[in-house]
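A short worksheet on the structure shown next.
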Amino acid sequence: MKQFIISEQEKNRILEMHQNATSKHYLSEQSTPATAAKKPSTIQLSYGHITVSIRYDANQDYVYLTGASKMPDGNLRGLKNISNKPEQIDAMATEFMSRNGLQGNFRVAGQTEKFMDALKTKLTEMNNNVQNYKKSIPAQK
């Protein structure tokens, strides 16, 4: 596994570029402000030295998990991203933990279950937001 160590400033620069790019991607010329349904916003989870972002892509109907882990020297290590359907909460949490080796890191401190619960709570929140969003938009023909 190749690891990248980036500074906090570089992480913020990358996140800002990503947010700017995705905000342009989500603009819809077909809806009007009065009838436009609000897409679920990104949910952040900070737990110890781990920060996770949960983002919904309405075009793909997928939820994406991205994150970073703060290393003891203060640098950030990017975590492997995963994506899945919004309702696949347990599968997403398990895959994210295993792909990033987080179970071993947390097992030492006895925090694996607590982090997993926190992650599942945030994924459930996002799934609820997505389901409410889907109910509020007109059916596609």
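Letters A, B, ... mark the chains of the structure tokens in the order given; residue numbers begin at 1 per chain; ligand numbers begin at 1, in order shown.
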Margin query: Quick one: residues within 12 Å of Tyr133 in chain A, only C-alpha atoms, excluding same-chain residues fewer than 2 positions away - as a list in words?
Written below: Ala36, Ala37, Lys38, Lys39, Pro40, Ser41, Tyr56, Asp57, Ala58, Asp61, Pro86, Met126, Asn127, Asn128, Asn129, Val130, Gln131, Lys135, Ser136, Ile137, Pro138 and Ala139 of chain A
Generate a file of the selected residues that holds C-alpha atoms, formatted as an mmCIF file, in the first residue's frame.
data_model
loop_
_atom_site.group_PDB
_atom_site.id
_atom_site.type_symbol
_atom_site.label_atom_id
_atom_site.label_comp_id
_atom_site.auth_asym_id
_atom_site.auth_seq_id
_atom_site.Cartn_x
_atom_site.Cartn_y
_atom_site.Cartn_z
ATOM 1 C CA ALA A 36 -35.558 22.457 -6.426
ATOM 2 C CA ALA A 37 -34.975 19.751 -3.836
ATOM 3 C CA LYS A 38 -31.929 20.201 -1.646
ATOM 4 C CA LYS A 39 -29.305 17.525 -2.194
ATOM 5 C CA PRO A 40 -27.799 16.022 0.944
ATOM 6 C CA SER A 41 -24.723 17.910 2.081
ATOM 7 C CA TYR A 56 -23.658 11.755 -1.823
ATOM 8 C CA ASP A 57 -23.510 11.883 -5.629
ATOM 9 C CA ALA A 58 -27.088 12.153 -6.887
ATOM 10 C CA ASP A 61 -26.786 7.451 -6.584
ATOM 11 C CA PRO A 86 -26.521 4.744 0.347
ATOM 12 C CA MET A 126 -26.651 10.281 5.140
ATOM 13 C CA ASN A 127 -28.913 7.431 3.977
ATOM 14 C CA ASN A 128 -31.911 9.115 5.659
ATOM 15 C CA ASN A 129 -31.005 12.416 3.970
ATOM 16 C CA VAL A 130 -30.705 10.647 0.609
ATOM 17 C CA GLN A 131 -34.059 8.879 0.998
ATOM 18 C CA LYS A 135 -38.878 11.411 -2.161
ATOM 19 C CA SER A 136 -38.826 15.146 -2.822
ATOM 20 C CA ILE A 137 -37.728 15.035 -6.464
ATOM 21 C CA PRO A 138 -40.078 14.281 -9.363
ATOM 22 C CA ALA A 139 -39.916 10.769 -10.779
#
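Excluding Pro72 in chain A and any residue on its chain fewer than 5 positions from it, the residues at most 12 Å away by only C-alpha atoms are Ile5, Gly48, His49, Ile50 and Arg77 of chain A.
When only C-alpha atoms are used to compute distances to Leu123 in chain A, the closest of the residues A:Arg13, A:Lys80, A:Arg55, A:Lys70 turns out to be A:Arg55.
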Margin query: Among range 65-117 of chain A, which ones does DSSP assign to alpha helix (DSSP H) (computed from the backbone)? Answer as a ChimeraX atom specification.
Written below: /A:89-99,102-109,112-117
Atoms kept (N, CA and C atoms) for selection, written as a compact mmCIF listing (two decimals), in the first residue's frame:
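Writing done, so here's part_17.txt:
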# COMPACT_ATOMS: atom_id res chain seq x y z
N ILE A 89 -24.99 0.37 4.49
CA ILE A 89 -24.29 0.97 5.62
C ILE A 89 -23.25 0.03 6.22
N ASP A 90 -23.65 -1.18 6.59
CA ASP A 90 -22.70 -2.11 7.22
C ASP A 90 -21.56 -2.46 6.27
N ALA A 91 -21.89 -2.70 5.01
CA ALA A 91 -20.86 -3.06 4.03
C ALA A 91 -19.86 -1.93 3.85
N MET A 92 -20.35 -0.70 3.78
CA MET A 92 -19.46 0.45 3.58
C MET A 92 -18.54 0.64 4.78
N ALA A 93 -19.08 0.56 5.98
CA ALA A 93 -18.27 0.76 7.18
C ALA A 93 -17.19 -0.32 7.29
N THR A 94 -17.57 -1.57 7.06
CA THR A 94 -16.62 -2.68 7.14
C THR A 94 -15.53 -2.55 6.08
N GLU A 95 -15.91 -2.24 4.85
CA GLU A 95 -14.94 -2.12 3.77
C GLU A 95 -13.98 -0.96 4.02
N PHE A 96 -14.51 0.17 4.47
CA PHE A 96 -13.66 1.33 4.74
C PHE A 96 -12.63 1.01 5.83
N MET A 97 -13.08 0.33 6.88
CA MET A 97 -12.18 -0.04 7.98
C MET A 97 -11.10 -1.00 7.48
N SER A 98 -11.48 -2.02 6.74
CA SER A 98 -10.51 -3.04 6.34
C SER A 98 -9.57 -2.53 5.25
N ARG A 99 -10.07 -1.77 4.27
CA ARG A 99 -9.20 -1.27 3.20
C ARG A 99 -8.13 -0.32 3.71
N LEU A 102 -7.71 0.21 9.46
CA LEU A 102 -8.09 0.94 10.67
C LEU A 102 -8.44 0.02 11.83
N GLN A 103 -8.83 -1.19 11.52
CA GLN A 103 -9.18 -2.10 12.62
C GLN A 103 -7.98 -2.35 13.51
N GLY A 104 -6.83 -2.57 12.92
CA GLY A 104 -5.61 -2.79 13.71
C GLY A 104 -5.22 -1.57 14.50
N ASN A 105 -5.30 -0.39 13.87
CA ASN A 105 -4.93 0.85 14.55
C ASN A 105 -5.81 1.10 15.76
N PHE A 106 -7.11 0.86 15.63
CA PHE A 106 -8.03 1.13 16.72
C PHE A 106 -8.05 0.00 17.75
N ARG A 107 -7.78 -1.23 17.30
CA ARG A 107 -7.83 -2.36 18.22
C ARG A 107 -6.87 -2.15 19.38
N VAL A 108 -5.71 -1.56 19.09
CA VAL A 108 -4.71 -1.32 20.12
C VAL A 108 -5.29 -0.42 21.21
N ALA A 109 -6.02 0.59 20.80
CA ALA A 109 -6.58 1.53 21.76
C ALA A 109 -7.97 1.12 22.23
N THR A 112 -12.10 0.30 18.17
CA THR A 112 -12.67 -0.15 16.90
C THR A 112 -14.19 -0.09 16.90
N GLU A 113 -14.82 -0.66 17.91
CA GLU A 113 -16.28 -0.71 17.95
C GLU A 113 -16.89 0.69 18.05
N LYS A 114 -16.27 1.57 18.85
CA LYS A 114 -16.80 2.93 19.00
C LYS A 114 -16.72 3.70 17.70
N PHE A 115 -15.59 3.57 17.00
CA PHE A 115 -15.45 4.25 15.71
C PHE A 115 -16.44 3.68 14.70
N MET A 116 -16.57 2.36 14.68
CA MET A 116 -17.49 1.69 13.76
C MET A 116 -18.92 2.19 14.02
N ASP A 117 -19.32 2.27 15.29
CA ASP A 117 -20.65 2.77 15.63
C ASP A 117 -20.84 4.22 15.17
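Of note, CA of Gly101 in chain A and CA of Ile14 in chain A are spaced 23.2 Å apart.
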Note to self: If we count only C-alpha atoms and set the cut-off at 9 Å, which residues sit around Asn81 in chain A, ignoring sequence neighbours fewer than 6 positions away in its own chain? Please answer as a PyMOL selection string.
What the structure shows: chain A and resi 64-67+96+99-100
Go ahead and save the picked residues with N, CA and C atoms, as an mmCIF file, in the first residue's frame.
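As a result, result23.cif now contains:
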data_model
loop_
_atom_site.group_PDB
_atom_site.id
_atom_site.type_symbol
_atom_site.label_atom_id
_atom_site.label_comp_id
_atom_site.auth_asym_id
_atom_site.auth_seq_id
_atom_site.Cartn_x
_atom_site.Cartn_y
_atom_site.Cartn_z
ATOM 1 N N TYR A 64 -19.946 8.353 -1.145
ATOM 2 C CA TYR A 64 -18.491 8.220 -1.167
ATOM 3 C C TYR A 64 -17.916 8.540 0.210
ATOM 4 N N LEU A 65 -17.011 7.693 0.673
ATOM 5 C CA LEU A 65 -16.283 7.933 1.913
ATOM 6 C C LEU A 65 -14.840 8.258 1.563
ATOM 7 N N THR A 66 -14.366 9.357 2.067
ATOM 8 C CA THR A 66 -12.964 9.729 1.923
ATOM 9 C C THR A 66 -12.472 10.110 3.303
ATOM 10 N N GLY A 67 -11.178 10.117 3.493
ATOM 11 C CA GLY A 67 -10.686 10.483 4.805
ATOM 12 C C GLY A 67 -9.195 10.677 4.856
ATOM 13 N N PHE A 96 -14.515 0.170 4.474
ATOM 14 C CA PHE A 96 -13.660 1.328 4.742
ATOM 15 C C PHE A 96 -12.631 1.006 5.830
ATOM 16 N N ARG A 99 -10.067 -1.774 4.274
ATOM 17 C CA ARG A 99 -9.200 -1.268 3.199
ATOM 18 C C ARG A 99 -8.129 -0.317 3.711
ATOM 19 N N ASN A 100 -8.422 0.348 4.826
ATOM 20 C CA ASN A 100 -7.487 1.327 5.351
ATOM 21 C C ASN A 100 -6.710 0.823 6.565
#
Next item on the list: Please run DSSP on the backbone and report, as a ChimeraX atom specification, all residues within range 45-81 of chain A that come out as strand (DSSP E).
Entry: /A:45-47,50-57,62-70,76-81
Deliver the residues from the most recent selection as a file, using N, CA and C atoms, as a PDB file, in the first residue's frame.
ATOM      1  N   LEU A  45     -17.015  13.373   9.938  1.00  0.00           N
ATOM      2  CA  LEU A  45     -16.846  12.620  11.179  1.00  0.00           C
ATOM      3  C   LEU A  45     -15.383  12.743  11.587  1.00  0.00           C
ATOM      4  N   SER A  46     -15.141  13.325  12.749  1.00  0.00           N
ATOM      5  CA  SER A  46     -13.785  13.389  13.302  1.00  0.00           C
ATOM      6  C   SER A  46     -13.756  12.500  14.528  1.00  0.00           C
ATOM      7  N   TYR A  47     -12.799  11.589  14.534  1.00  0.00           N
ATOM      8  CA  TYR A  47     -12.695  10.633  15.628  1.00  0.00           C
ATOM      9  C   TYR A  47     -11.216  10.387  15.895  1.00  0.00           C
ATOM     10  N   ILE A  50      -8.540  10.449  13.059  1.00  0.00           N
ATOM     11  CA  ILE A  50      -9.159  10.143  11.769  1.00  0.00           C
ATOM     12  C   ILE A  50     -10.245  11.177  11.455  1.00  0.00           C
ATOM     13  N   THR A  51     -10.260  11.663  10.224  1.00  0.00           N
ATOM     14  CA  THR A  51     -11.331  12.524   9.748  1.00  0.00           C
ATOM     15  C   THR A  51     -11.915  11.876   8.496  1.00  0.00           C
ATOM     16  N   VAL A  52     -13.238  11.725   8.466  1.00  0.00           N
ATOM     17  CA  VAL A  52     -13.918  11.071   7.350  1.00  0.00           C
ATOM     18  C   VAL A  52     -14.970  12.026   6.791  1.00  0.00           C
ATOM     19  N   SER A  53     -15.063  12.084   5.469  1.00  0.00           N
ATOM     20  CA  SER A  53     -16.112  12.840   4.791  1.00  0.00           C
ATOM     21  C   SER A  53     -17.032  11.852   4.081  1.00  0.00           C
ATOM     22  N   ILE A  54     -18.330  12.073   4.230  1.00  0.00           N
ATOM     23  CA  ILE A  54     -19.336  11.226   3.588  1.00  0.00           C
ATOM     24  C   ILE A  54     -20.112  12.141   2.639  1.00  0.00           C
ATOM     25  N   ARG A  55     -20.064  11.831   1.343  1.00  0.00           N
ATOM     26  CA  ARG A  55     -20.662  12.689   0.327  1.00  0.00           C
ATOM     27  C   ARG A  55     -21.561  11.863  -0.580  1.00  0.00           C
ATOM     28  N   TYR A  56     -22.718  12.425  -0.932  1.00  0.00           N
ATOM     29  CA  TYR A  56     -23.658  11.755  -1.823  1.00  0.00           C
ATOM     30  C   TYR A  56     -23.571  12.338  -3.224  1.00  0.00           C
ATOM     31  N   ASP A  57     -23.504  11.479  -4.224  1.00  0.00           N
ATOM     32  CA  ASP A  57     -23.510  11.883  -5.629  1.00  0.00           C
ATOM     33  C   ASP A  57     -24.859  11.467  -6.209  1.00  0.00           C
ATOM     34  N   TYR A  62     -24.680   7.194  -5.432  1.00  0.00           N
ATOM     35  CA  TYR A  62     -23.672   6.546  -4.606  1.00  0.00           C
ATOM     36  C   TYR A  62     -23.251   7.480  -3.480  1.00  0.00           C
ATOM     37  N   VAL A  63     -22.836   6.882  -2.384  1.00  0.00           N
ATOM     38  CA  VAL A  63     -22.238   7.622  -1.278  1.00  0.00           C
ATOM     39  C   VAL A  63     -20.743   7.320  -1.304  1.00  0.00           C
ATOM     40  N   TYR A  64     -19.946   8.353  -1.145  1.00  0.00           N
ATOM     41  CA  TYR A  64     -18.491   8.220  -1.167  1.00  0.00           C
ATOM     42  C   TYR A  64     -17.916   8.540   0.210  1.00  0.00           C
ATOM     43  N   LEU A  65     -17.011   7.693   0.673  1.00  0.00           N
ATOM     44  CA  LEU A  65     -16.283   7.933   1.913  1.00  0.00           C
ATOM     45  C   LEU A  65     -14.840   8.258   1.563  1.00  0.00           C
ATOM     46  N   THR A  66     -14.366   9.357   2.067  1.00  0.00           N
ATOM     47  CA  THR A  66     -12.964   9.729   1.923  1.00  0.00           C
ATOM     48  C   THR A  66     -12.472  10.110   3.303  1.00  0.00           C
ATOM     49  N   GLY A  67     -11.178  10.117   3.493  1.00  0.00           N
ATOM     50  CA  GLY A  67     -10.686  10.483   4.805  1.00  0.00           C
ATOM     51  C   GLY A  67      -9.195  10.677   4.856  1.00  0.00           C
ATOM     52  N   ALA A  68      -8.758  11.072   6.033  1.00  0.00           N
ATOM     53  CA  ALA A  68      -7.334  11.269   6.289  1.00  0.00           C
ATOM     54  C   ALA A  68      -7.048  10.887   7.733  1.00  0.00           C
ATOM     55  N   SER A  69      -5.842  10.453   7.950  1.00  0.00           N
ATOM     56  CA  SER A  69      -5.388  10.076   9.278  1.00  0.00           C
ATOM     57  C   SER A  69      -4.181  10.948   9.628  1.00  0.00           C
ATOM     58  N   LYS A  70      -4.227  11.589  10.784  1.00  0.00           N
ATOM     59  CA  LYS A  70      -3.108  12.425  11.209  1.00  0.00           C
ATOM     60  C   LYS A  70      -2.039  11.529  11.819  1.00  0.00           C
ATOM     61  N   LEU A  76      -0.512  14.336   7.342  1.00  0.00           N
ATOM     62  CA  LEU A  76      -1.735  13.591   7.066  1.00  0.00           C
ATOM     63  C   LEU A  76      -1.471  12.475   6.065  1.00  0.00           C
ATOM     64  N   ARG A  77      -2.124  11.348   6.288  1.00  0.00           N
ATOM     65  CA  ARG A  77      -2.066  10.219   5.357  1.00  0.00           C
ATOM     66  C   ARG A  77      -3.463  10.056   4.798  1.00  0.00           C
ATOM     67  N   GLY A  78      -3.563  10.127   3.469  1.00  0.00           N
ATOM     68  CA  GLY A  78      -4.856   9.947   2.822  1.00  0.00           C
ATOM     69  C   GLY A  78      -5.335   8.510   2.976  1.00  0.00           C
ATOM     70  N   LEU A  79      -6.617   8.330   3.204  1.00  0.00           N
ATOM     71  CA  LEU A  79      -7.202   6.999   3.325  1.00  0.00           C
ATOM     72  C   LEU A  79      -7.821   6.603   1.992  1.00  0.00           C
ATOM     73  N   LYS A  80      -7.881   5.307   1.741  1.00  0.00           N
ATOM     74  CA  LYS A  80      -8.475   4.806   0.502  1.00  0.00           C
ATOM     75  C   LYS A  80      -9.964   5.085   0.504  1.00  0.00           C
ATOM     76  N   ASN A  81     -10.445   5.601  -0.620  1.00  0.00           N
ATOM     77  CA  ASN A  81     -11.853   5.940  -0.770  1.00  0.00           C
ATOM     78  C   ASN A  81     -12.670   4.696  -1.084  1.00  0.00           C
TER      79      ASN A  81
END
Notebook entry, point to check: CA of Gln9 in chain A to CA of Met71 in chain A: how many Å, to one decimal?
Noted result: 14.8 Å
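Here CA of Met17 in chain A stands at a distance of 23.9 Å from CA of Lys122 in chain A.
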